[in-house]
Structures are given as C-alpha cells and as structure tokens.
$ cat upload-v3.cif   # mmCIF, C-alpha atoms
data_coords
loop_
_atom_site.label_atom_id
_atom_site.label_comp_id
_atom_site.auth_asym_id
_atom_site.auth_seq_id
_atom_site.Cartn_x
_atom_site.Cartn_y
_atom_site.Cartn_z
CA MET I 1 -7.96 -8.02 22.41
CA SER I 2 -6.61 -10.60 19.95
CA SER I 3 -8.60 -8.93 17.22
CA VAL I 4 -6.57 -5.79 17.78
CA VAL I 5 -3.30 -7.58 17.05
CA GLN I 6 -4.63 -9.70 14.25
CA SER I 7 -6.39 -6.91 12.45
CA SER I 8 -3.58 -4.45 12.82
CA GLN I 9 -2.60 -4.47 9.15
CA PRO I 10 -5.00 -1.95 7.64
CA LEU I 11 -2.45 -0.78 5.09
CA GLY I 12 -4.47 -2.63 2.50
CA ALA I 13 -3.05 -2.51 -1.02
CA LEU I 14 -0.30 -0.20 0.21
CA SER I 15 1.22 -2.92 2.41
CA SER I 16 2.80 -4.83 -0.48
CA LEU I 17 6.49 -3.98 -0.48
CA LYS I 18 7.13 -6.31 -3.42
CA GLY I 19 4.86 -4.29 -5.67
CA LEU I 20 6.50 -1.09 -4.47
CA TRP I 21 10.03 -2.38 -5.17
CA ALA I 22 8.92 -3.62 -8.58
CA LEU I 23 7.51 -0.21 -9.49
CA MET I 24 10.56 1.61 -8.19
CA GLY I 25 12.91 -0.78 -10.01
CA LEU I 26 10.91 -0.30 -13.22
CA SER I 27 11.07 3.46 -12.87
CA PHE I 28 14.85 3.56 -12.34
CA ALA I 29 15.37 1.10 -15.22
CA LEU I 30 13.28 3.33 -17.51
CA ILE I 31 15.15 6.46 -16.43
CA PHE I 32 18.48 4.69 -17.01
CA VAL I 33 17.38 3.61 -20.51
CA GLY I 34 16.16 7.17 -21.10
CA ILE I 35 19.59 8.58 -20.16
CA VAL I 36 21.33 6.11 -22.44
CA LEU I 37 19.01 7.08 -25.31
CA ALA I 38 19.49 10.78 -24.54
CA PHE I 39 23.27 10.56 -24.72
CA PHE I 40 23.84 7.88 -27.36
CA VAL I 41 20.83 8.10 -29.69
CA ALA I 42 19.41 11.63 -29.48
CA PRO I 43 21.51 14.18 -31.37
CA VAL I 44 23.15 17.15 -29.67
CA GLU I 45 20.91 20.17 -30.19
CA GLY I 46 22.28 22.61 -32.76
CA THR I 47 21.86 25.93 -30.96
CA LEU I 48 22.23 25.14 -27.26
CA GLY I 49 24.61 22.20 -27.50
CA ILE I 50 25.06 19.63 -24.74
CA VAL I 51 23.14 21.63 -22.12
CA GLN I 52 19.90 20.76 -23.93
CA LYS I 53 20.26 17.24 -22.44
CA ILE I 54 18.77 18.77 -19.27
CA PHE I 55 15.48 18.74 -21.19
CA TYR I 56 15.17 14.94 -20.69
CA PHE I 57 14.91 15.48 -16.91
CA HIS I 58 13.44 18.93 -16.74
CA VAL I 59 10.20 18.30 -18.66
CA PRO I 60 9.43 14.86 -17.11
CA ALA I 61 10.03 16.36 -13.66
CA ALA I 62 7.56 19.13 -14.53
CA PHE I 63 4.92 16.53 -15.50
CA SER I 64 5.62 14.63 -12.28
CA SER I 65 5.09 17.78 -10.25
CA TYR I 66 1.78 18.32 -12.06
CA VAL I 67 0.74 14.76 -11.14
CA GLY I 68 1.70 15.29 -7.50
CA PHE I 69 -0.15 18.60 -7.20
CA VAL I 70 -3.26 17.30 -9.00
CA LEU I 71 -3.34 14.24 -6.71
CA CYS I 72 -3.04 16.60 -3.75
CA ALA I 73 -6.08 18.50 -5.05
CA VAL I 74 -8.02 15.27 -5.67
CA GLY I 75 -7.24 14.04 -2.15
CA SER I 76 -8.11 17.44 -0.70
CA VAL I 77 -11.50 17.63 -2.44
CA SER I 78 -12.22 14.07 -1.41
CA TYR I 79 -11.27 14.90 2.19
CA LEU I 80 -13.55 17.94 2.23
CA LEU I 81 -16.43 15.77 0.97
CA ARG I 82 -15.91 12.60 2.99
CA ALA I 83 -13.27 13.40 5.64
CA SER I 84 -11.47 10.10 5.17
CA ARG I 85 -7.90 9.63 6.40
CA TRP I 86 -6.99 7.91 3.13
CA SER I 87 -7.84 11.06 1.15
CA ASP I 88 -5.81 13.18 3.54
CA ARG I 89 -2.82 10.87 3.14
CA LEU I 90 -3.15 11.04 -0.66
CA ALA I 91 -3.21 14.85 -0.51
CA GLN I 92 -0.13 14.99 1.71
CA ALA I 93 1.79 12.47 -0.39
CA GLY I 94 0.87 14.29 -3.61
CA ALA I 95 1.99 17.66 -2.26
CA GLU I 96 5.27 16.32 -0.94
CA VAL I 97 6.19 14.49 -4.15
CA GLY I 98 4.96 17.44 -6.23
CA VAL I 99 7.20 19.83 -4.29
CA LEU I 100 10.17 17.48 -4.75
CA PHE I 101 9.76 17.42 -8.53
CA ALA I 102 8.96 21.14 -8.70
CA ALA I 103 12.25 21.77 -6.87
CA ILE I 104 14.00 19.69 -9.54
CA VAL I 105 12.29 21.79 -12.23
CA LEU I 106 13.27 25.05 -10.52
CA ILE I 107 16.89 23.95 -10.16
CA THR I 108 17.44 22.41 -13.60
CA GLY I 109 15.51 25.14 -15.47
CA PRO I 110 17.77 28.05 -14.46
CA LEU I 111 20.88 25.99 -15.27
CA TRP I 112 19.52 25.45 -18.76
CA GLY I 113 18.25 29.05 -18.92
CA TYR I 114 21.72 30.42 -18.17
CA LYS I 115 22.91 29.05 -21.50
CA SER I 116 19.75 30.11 -23.37
CA TRP I 117 19.14 33.56 -21.90
CA GLY I 118 22.48 34.46 -20.38
CA ASP I 119 20.93 34.64 -16.92
CA TYR I 120 19.74 32.11 -14.35
CA TRP I 121 16.34 33.64 -13.82
CA GLU I 122 13.87 35.73 -15.79
CA TRP I 123 10.69 37.05 -14.19
CA GLU I 124 8.58 35.77 -17.06
CA PRO I 125 5.15 34.08 -16.85
CA ARG I 126 6.05 30.40 -16.74
CA LEU I 127 8.98 30.66 -14.36
CA THR I 128 7.15 33.02 -12.05
CA SER I 129 3.94 30.95 -11.99
CA MET I 130 5.95 27.76 -11.35
CA LEU I 131 7.77 29.42 -8.45
CA LEU I 132 4.47 30.65 -6.97
CA THR I 133 2.86 27.20 -7.29
CA PHE I 134 5.90 25.66 -5.64
CA LEU I 135 5.66 28.16 -2.77
CA ILE I 136 1.91 27.49 -2.34
CA TYR I 137 2.57 23.79 -1.86
CA CYS I 138 5.59 24.51 0.38
CA ALA I 139 3.17 26.51 2.53
CA TYR I 140 0.75 23.55 2.48
CA LEU I 141 3.52 21.20 3.70
CA LEU I 142 4.57 23.64 6.41
CA LEU I 143 0.96 23.88 7.57
CA ARG I 144 0.64 20.11 7.69
CA ALA I 145 4.00 19.70 9.44
CA PHE I 146 3.49 22.36 12.10
CA GLY I 147 -0.30 22.85 12.21
CA GLY I 148 -0.94 19.79 14.36
CA GLU I 149 -3.06 16.72 13.70
CA GLY I 150 -6.39 18.35 14.36
CA GLU I 151 -9.41 18.47 12.11
CA VAL I 152 -9.08 22.24 11.59
CA ALA I 153 -5.52 21.99 10.26
CA ARG I 154 -6.56 19.17 7.95
CA LYS I 155 -9.48 21.16 6.58
CA ILE I 156 -7.45 24.34 6.06
CA GLY I 157 -4.82 22.19 4.35
CA ALA I 158 -7.48 20.60 2.16
CA VAL I 159 -8.75 24.02 1.05
CA MET I 160 -5.19 25.12 0.32
CA GLY I 161 -4.46 21.91 -1.60
CA THR I 162 -7.62 22.37 -3.65
CA LEU I 163 -7.01 26.02 -4.52
CA GLY I 164 -3.33 25.43 -5.20
CA VAL I 165 -4.14 23.39 -8.28
CA VAL I 166 -5.13 26.62 -10.03
CA GLY I 167 -1.40 27.32 -10.06
CA VAL I 168 -0.79 24.14 -12.07
CA VAL I 169 -3.31 25.27 -14.69
CA VAL I 170 -1.71 28.73 -14.84
CA VAL I 171 1.77 27.21 -15.22
CA HIS I 172 0.59 25.01 -18.05
CA ILE I 173 -1.18 27.68 -20.08
CA SER I 174 1.09 30.62 -19.21
CA VAL I 175 3.28 30.28 -22.30
CA ARG I 176 0.28 30.20 -24.63
CA LEU I 177 -1.49 33.08 -22.90
CA TRP I 178 1.35 35.48 -22.15
CA GLY I 179 4.35 34.30 -24.16
CA GLY I 180 7.66 34.91 -22.42
CA VAL I 181 11.14 33.55 -23.01
CA HIS I 182 10.39 29.95 -22.01
CA PRO I 183 10.77 27.49 -24.93
CA GLN I 184 7.53 26.32 -26.56
CA VAL I 185 8.78 23.08 -28.09
CA MET I 186 6.17 20.90 -26.34
CA THR I 187 3.25 23.33 -26.55
CA GLY I 188 2.66 23.04 -30.29
CA GLN I 189 4.07 26.44 -31.15
CA GLY I 190 7.69 25.45 -31.59
CA GLY I 191 9.34 23.31 -34.22
CA GLY I 192 8.71 20.11 -32.26
CA LEU I 193 11.19 17.44 -31.31
CA HIS I 194 13.72 15.84 -33.64
CA PRO I 195 12.54 12.24 -34.33
CA LEU I 196 15.68 10.83 -32.68
CA MET I 197 14.99 12.83 -29.51
CA LYS I 198 11.51 11.39 -29.06
CA PRO I 199 12.43 7.89 -27.74
CA ALA I 200 14.61 9.34 -24.97
CA TYR I 201 11.97 11.93 -24.12
CA PHE I 202 9.06 9.49 -23.87
CA VAL I 203 11.06 6.83 -21.98
CA CYS I 204 12.10 9.50 -19.46
CA ILE I 205 8.48 10.67 -19.16
CA PHE I 206 7.28 7.12 -18.38
CA GLY I 207 10.22 6.57 -16.02
CA PHE I 208 9.47 9.73 -14.06
CA LEU I 209 5.74 8.97 -13.91
CA ALA I 210 6.51 5.47 -12.59
CA LEU I 211 8.87 6.98 -10.01
CA THR I 212 6.19 9.48 -9.00
CA SER I 213 3.70 6.65 -8.47
CA ALA I 214 6.22 4.66 -6.42
CA LEU I 215 7.09 7.66 -4.23
CA ILE I 216 3.42 8.51 -3.62
CA TRP I 217 2.78 4.86 -2.76
CA LEU I 218 5.72 4.82 -0.33
CA ARG I 219 4.68 8.14 1.24
CA MET I 220 1.08 6.99 1.68
CA ARG I 221 2.30 3.73 3.21
CA LEU I 222 4.35 5.78 5.66
CA GLY I 223 1.27 7.81 6.60
CA ALA I 224 -0.79 4.66 7.08
CA GLN I 225 1.93 3.09 9.25
CA HIS I 226 2.10 6.21 11.38
CA ALA I 227 -1.69 6.24 11.89
CA LEU I 228 -1.69 2.54 12.74
CA ILE I 229 1.05 2.97 15.34
CA GLU I 230 -0.84 5.83 16.99
CA ASP I 231 -3.96 3.67 17.06
CA LEU I 232 -2.14 0.69 18.59
CA HIS I 233 -0.47 2.90 21.21
CA LEU I 234 -3.88 4.16 22.32
CA ARG I 235 -5.30 0.65 22.49
CA ALA I 236 -2.30 -0.68 24.39
CA ALA I 237 -2.61 2.18 26.87
CA ASP I 238 -6.31 1.37 27.33
CA VAL I 239 -5.59 -2.30 28.01
CA GLU I 240 -2.76 -1.47 30.43
CA TYR I 241 -5.08 0.90 32.27
CA ASP I 242 -7.70 -1.85 32.54
CA LEU I 243 -5.10 -4.28 33.90
CA GLU I 244 -4.00 -1.82 36.58
CA GLN I 245 -7.54 -1.50 37.91
CA PRO I 246 -8.19 -3.71 40.96
CA MET Y 247 10.00 15.03 8.83
CA ARG Y 248 9.14 18.51 10.12
CA LEU Y 249 12.78 19.49 10.19
CA LEU Y 250 13.36 18.19 6.66
CA THR Y 251 10.35 20.10 5.34
CA LEU Y 252 11.42 23.30 7.08
CA LEU Y 253 15.03 23.04 5.93
CA ALA Y 254 14.03 22.25 2.34
CA CYS Y 255 11.66 25.21 2.19
CA LEU Y 256 14.08 27.62 3.81
CA ALA Y 257 16.92 26.52 1.56
CA LEU Y 258 14.92 27.05 -1.62
CA LEU Y 259 13.10 30.26 -0.77
CA PRO Y 260 15.92 32.77 -1.35
CA ALA Y 261 17.03 31.20 -4.65
CA PRO Y 262 15.39 33.77 -6.97
CA ALA Y 263 16.94 36.61 -4.99
CA PHE Y 264 20.29 35.60 -6.43
CA ALA Y 265 18.98 35.52 -9.98
CA ASP Y 266 19.92 39.08 -10.89
CA GLU Y 267 23.19 39.03 -9.05
CA ALA Y 268 26.15 39.79 -11.28
CA PRO Y 269 28.54 36.84 -11.63
CA PRO Y 270 31.60 37.17 -9.44
CA ALA Y 271 34.59 38.58 -11.25
CA GLU Y 272 37.35 36.07 -11.73
CA ALA Y 273 40.50 36.70 -9.79
CA PRO Y 274 43.34 37.76 -12.07
CA ALA Y 275 46.28 35.45 -12.56
CA GLY Y 276 48.85 35.91 -9.87
CA ALA Y 277 46.38 37.54 -7.50
CA GLY Y 278 47.70 37.82 -3.99
CA GLN Y 279 51.30 37.70 -5.14
CA GLY Y 280 51.68 41.34 -6.15
CA ALA Y 281 51.14 42.42 -9.77
CA THR Y 282 54.17 42.60 -11.98
CA SER Y 283 52.40 43.88 -15.12
CA PHE Y 284 49.00 45.01 -16.39
CA THR Y 285 47.47 43.16 -19.32
CA ALA Y 286 44.01 43.18 -20.92
CA PRO Y 287 41.91 40.09 -20.05
CA ALA Y 288 41.56 37.54 -22.83
CA PRO Y 289 38.03 37.24 -24.28
CA THR Y 290 36.41 34.23 -22.62
CA GLY Y 291 33.20 33.81 -24.65
CA GLU Y 292 30.86 32.11 -22.17
CA ARG Y 293 31.31 32.25 -18.43
CA VAL Y 294 30.12 28.69 -17.64
CA SER Y 295 30.33 25.85 -20.12
CA GLY Y 296 27.22 23.94 -21.18
CA LEU Y 297 28.80 20.70 -19.98
CA SER Y 298 29.27 22.10 -16.47
CA LEU Y 299 25.66 23.29 -16.38
CA MET Y 300 24.40 19.91 -17.56
CA VAL Y 301 26.52 17.99 -15.04
CA ALA Y 302 25.35 20.32 -12.25
CA ALA Y 303 21.70 19.73 -13.23
CA TYR Y 304 22.10 15.94 -13.31
CA ILE Y 305 23.89 15.93 -9.96
CA ALA Y 306 21.14 18.09 -8.42
CA VAL Y 307 18.43 15.75 -9.71
CA TRP Y 308 20.07 12.60 -8.38
CA VAL Y 309 21.05 14.12 -5.04
CA LEU Y 310 17.48 15.37 -4.42
CA LEU Y 311 15.94 12.03 -5.40
CA ALA Y 312 18.48 10.03 -3.38
CA VAL Y 313 17.96 12.16 -0.25
CA TYR Y 314 14.16 11.90 -0.45
CA VAL Y 315 14.06 8.15 -1.20
CA THR Y 316 16.60 7.42 1.55
CA PHE Y 317 14.60 9.51 4.01
CA LEU Y 318 11.36 7.66 3.15
CA LEU Y 319 13.00 4.23 3.36
CA MET Y 320 14.67 4.95 6.71
CA ARG Y 321 11.40 6.27 8.13
CA THR Y 322 9.52 3.22 6.82
CA ARG Y 323 12.07 0.87 8.41
CA ASN Y 324 11.85 2.67 11.75
CA LEU Y 325 8.05 2.59 11.71
CA ASP Y 326 8.09 -1.12 10.79
CA ALA Y 327 10.30 -1.76 13.84
CA ASP Y 328 7.94 0.30 16.06
CA LEU Y 329 4.98 -1.62 14.69
CA ASN Y 330 6.57 -4.98 15.48
CA ASP Y 331 7.41 -3.84 19.02
CA LEU Y 332 3.84 -2.70 19.57
CA ARG Y 333 2.42 -5.97 18.27
CA GLY Y 334 4.71 -7.87 20.64
CA ARG Y 335 3.59 -5.68 23.55
CA LEU Y 336 -0.06 -6.21 22.68
CA SER Y 337 0.43 -9.98 22.41
CA LYS Y 338 1.95 -10.04 25.92
CA LEU Y 339 -0.95 -8.00 27.25
CA GLU Y 340 -3.33 -10.39 25.55
CA GLN Y 341 -1.72 -13.33 27.42
CA LYS Y 342 -2.11 -11.48 30.74
CA HIS Y 343 -5.68 -10.42 30.06
CA PRO Y 344 -7.29 -12.91 27.67
#

$ encode --input "upload-v3.cif" --output "structure tokens"
Amino acid sequence: MSSVVQSSQPLGALSSLKGLWALMGLSFALIFVGIVLAFFVAPVEGTLGIVQKIFYFHVPAAFSSYVGFVLCAVGSVSYLLRASRWSDRLAQAGAEVGVLFAAIVLITGPLWGYKSWGDYWEWEPRLTSMLLTFLIYCAYLLLRAFGGEGEVARKIGAVMGTLGVVGVVVVHISVRLWGGVHPQVMTGQGGGLHPLMKPAYFVCIFGFLALTSALIWLRMRLGAQHALIEDLHLRAADVEYDLEQP
Amino acid sequence: MRLLTLLACLALLPAPAFADEAPPAEAPAGAGQGATSFTAPAPTGERVSGLSLMVAAYIAVWVLLAVYVTFLLMRTRNLDADLNDLRGRLSKLEQKHP
C-alpha cells in the first residue's frame, strides 16, 4: 500500500517543472530577440514592404509543425512496435503541437499572400498540401479525443500518425517538384536572404524550436499525469473495496 | 480537451471556402443618409494595407499561442491538485489498512 503512494511519481524526466519553465523562458526570450532584430536590424523588403515581416513567424512555425508531425510519426511507429504508453503520449503531443503551428502557418500565410498574390488563397501545391496535412492531423486528434482509450483506437491513431508524415514530405518538396506561386527563398531556388535578415530569421527559428520542445514536454507531462491519476483511482478503489469486505 | 479540439477543428475547416470570395464593397460616404450627388470613387490602390496584414498575423500568432499555453497550464494545475488529493486519500487508507 505505501509503495503505491511513494512510487506514484512515474513522470520521470518530465516531472521537472523547473526545466520546463527554463526552456519556455528561453524560447520566449529568443522569440522576443528575434522580433527586435526583425524590426530594428533587418531591412524592410523592397517589393512587399512591411508585410514581409510575417516571414519571421511564418517559416519558423512551419518548421515547428514539421517537428511536431515527425515526432507524432516517430511515436506512432514506436507504439506499433512496442505498444508503450510513452510512445503514444509522444505521438499525441507531437500531433497537437504540430496542428497548433500548422494553424499559425495557414493563418499567417494567406495574410502575407494577400499582399503578394492579391488573394488570400491559391490552390497551388504547397498551400494545398499543407492544408491536407493539417486536416490529416486534425482527424488524428479527433480520433484520439473521441475514439476512446482502447487499444484499437490507439492503433488506428498510430497508423494514421505514421502515414500522415507523408504529407510533411510532400509539403516540403512540393515547390521543387511542381512549382506554384509560393516563394522559394529558402529552397535554394530564390535569391536567398539579405545578410541583415539572417540573424532575425535564425533566432526566430531557434526560439520556435525551443517553444515546440517546451510545449511537447508540457503536453506529455499532462498525459503522464492523467494516466497516473487513472491508475491511482483504480488502486484506491481496490483498497476501499478490500476494506469494506468483512 | 475534447471540446477545444472539436472547436478548433470546426473553426478552421471552412477557412479555404472563403478564399475566392470577393472582398465586400465599401459603403459609400453618406450611406444611409440619402444620396445628394453621384461621384466616381477615388482610386484606392490596395484594399488592405501591408501594416494591417502584418499586425493581424502577429495578433493571430500570439492569441493562438497564449490560448494553447494557458489551456495546458490550467489543465496541469488541475491535474496536480487531483493528484495531491488522491495521494492524501491513499495515505488515509494506508493508515486504516496498513
């Protein structure tokens, strides 16, 4: 009995809130520095003007969504191979954070696109593939939210999370393969970044990646807490049942 | 959690449907008061300024991040409280049934 209470901290490395706050603080500090660099060091882009400053959030958010979706696929494959709860939590956290950042990409992109193309949306390869990938992982989250806690739902989710990563690959190579109106500055076919834009860009990238890590950590900790509470409820019910027996 | 996921998905799904929608025509000056003359509209250049688009994008980013982080922190705090209650309950049971 006492071992139940004493050993009820199986959050492991995830339990450290200090580390989590440190990572989150670092990420927001980096993003803040990135914004300062974007507005006070990086020049205003010649053709698009001030709206190009969206770039410093839009591209890092896209990388963060890639990280989230790839971690979802890694967790899903691992779950299919070993069926561990940790892998399942990683997959869920990755999908949720990936969807968050993909939503940021899909909101900021059209606002930038309106200035570039004169319209909020173009059904061109990158935008369409990003929207489809986003919807695949939305479907994954809906399945996990409403499909119950059973093994079948977890396995179907794991298959979906694994196959969904194909969308990430398609998004990444779509501009090279099929062209389209999406800018190609960061894919080696454009003119590249102005040297004074690079510090803001890279600081924002690192800031967003740190934030992604912190959010995945926090989301996995939440999953572990939830599992632990369910476990303790079951054990408490068992003990209470034993006590009621004559 | 389920409700948040459902609402987020439902809110974002119809977004592309509005992509090809023509921008709403601006109401002429003095609309609703009865026209007193007819004049040609002045050329406006662009319909939405780059600054407005940029501010809208930055607001969207921070609102989304703030909502998600707040949701996770509130849920973590609630689960921490539940966990402490359960540990207390188990300790009491342990005293009753060593």

$ interface_residues --input "upload-v3.cif" --of "chain I" --to "chain Y" --cutoff "7 Å" --atoms "all atoms listed in the file" --output "VMD selection string"
chain I and resid 1 to 2 5 50 to 51 53 to 54 104 108 111 to 112 115 120 to 121 138 142 145 219 222 225 to 226 229 232 236

$ residues_near_point --input "upload-v3.cif" --point "(6.0, 16.3, -16.2)" --cutoff "10 Å" --atoms "only C-alpha atoms" --output "PyMOL selection string"
chain I and resi 57-68+101-102+105+204-206+208-209+212

$ resolve_selection --input "upload-v3.cif" --expression "the PyMOL selection byres ((chain I and resi 78-85) around 10)" --output "PDB file with C-alpha atoms, keeping the file's coordinate frame"
ATOM      1  CA  CYS I  72      -3.040  16.600  -3.750  1.00  0.00           C
ATOM      2  CA  ALA I  73      -6.080  18.500  -5.050  1.00  0.00           C
ATOM      3  CA  VAL I  74      -8.020  15.270  -5.670  1.00  0.00           C
ATOM      4  CA  GLY I  75      -7.240  14.040  -2.150  1.00  0.00           C
ATOM      5  CA  SER I  76      -8.110  17.440  -0.700  1.00  0.00           C
ATOM      6  CA  VAL I  77     -11.500  17.630  -2.440  1.00  0.00           C
ATOM      7  CA  TRP I  86      -6.990   7.910   3.130  1.00  0.00           C
ATOM      8  CA  SER I  87      -7.840  11.060   1.150  1.00  0.00           C
ATOM      9  CA  ASP I  88      -5.810  13.180   3.540  1.00  0.00           C
ATOM     10  CA  ARG I  89      -2.820  10.870   3.140  1.00  0.00           C
ATOM     11  CA  LEU I  90      -3.150  11.040  -0.660  1.00  0.00           C
ATOM     12  CA  ALA I  91      -3.210  14.850  -0.510  1.00  0.00           C
ATOM     13  CA  GLU I 151      -9.410  18.470  12.110  1.00  0.00           C
ATOM     14  CA  ARG I 154      -6.560  19.170   7.950  1.00  0.00           C
ATOM     15  CA  LYS I 155      -9.480  21.160   6.580  1.00  0.00           C
ATOM     16  CA  ILE I 156      -7.450  24.340   6.060  1.00  0.00           C
ATOM     17  CA  GLY I 157      -4.820  22.190   4.350  1.00  0.00           C
ATOM     18  CA  ALA I 158      -7.480  20.600   2.160  1.00  0.00           C
ATOM     19  CA  VAL I 159      -8.750  24.020   1.050  1.00  0.00           C
ATOM     20  CA  THR I 162      -7.620  22.370  -3.650  1.00  0.00           C
ATOM     21  CA  GLY I 223       1.270   7.810   6.600  1.00  0.00           C
ATOM     22  CA  ALA I 224      -0.790   4.660   7.080  1.00  0.00           C
ATOM     23  CA  ALA I 227      -1.690   6.240  11.890  1.00  0.00           C
TER      24      ALA I 227
END

$ atom_distance --input "upload-v3.cif" --atom1 "CA of Leu127 in chain I" --atom2 "CA of Val181 in chain I"
9.4 Å

$ atom_distance --input "upload-v3.cif" --atom1 "CA of Gly164 in chain I" --atom2 "CA of Ala139 in chain I"
10.2 Å

$ atom_distance --input "upload-v3.cif" --atom1 "CA of Gln184 in chain I" --atom2 "CA of His172 in chain I"
11.1 Å

$ resolve_selection --input "upload-v3.cif" --expression "the PyMOL selection byres ((chain I and resi 133) around 9)" --output "mmCIF file with C-alpha atoms, keeping the file's coordinate frame"
data_model
loop_
_atom_site.group_PDB
_atom_site.id
_atom_site.type_symbol
_atom_site.label_atom_id
_atom_site.label_comp_id
_atom_site.auth_asym_id
_atom_site.auth_seq_id
_atom_site.Cartn_x
_atom_site.Cartn_y
_atom_site.Cartn_z
ATOM 1 C CA ALA I 102 8.960 21.140 -8.700
ATOM 2 C CA THR I 128 7.150 33.020 -12.050
ATOM 3 C CA SER I 129 3.940 30.950 -11.990
ATOM 4 C CA MET I 130 5.950 27.760 -11.350
ATOM 5 C CA LEU I 131 7.770 29.420 -8.450
ATOM 6 C CA LEU I 132 4.470 30.650 -6.970
ATOM 7 C CA PHE I 134 5.900 25.660 -5.640
ATOM 8 C CA LEU I 135 5.660 28.160 -2.770
ATOM 9 C CA ILE I 136 1.910 27.490 -2.340
ATOM 10 C CA TYR I 137 2.570 23.790 -1.860
ATOM 11 C CA CYS I 138 5.590 24.510 0.380
ATOM 12 C CA GLY I 164 -3.330 25.430 -5.200
ATOM 13 C CA VAL I 165 -4.140 23.390 -8.280
ATOM 14 C CA VAL I 166 -5.130 26.620 -10.030
ATOM 15 C CA GLY I 167 -1.400 27.320 -10.060
ATOM 16 C CA VAL I 168 -0.790 24.140 -12.070
ATOM 17 C CA VAL I 170 -1.710 28.730 -14.840
ATOM 18 C CA VAL I 171 1.770 27.210 -15.220
#
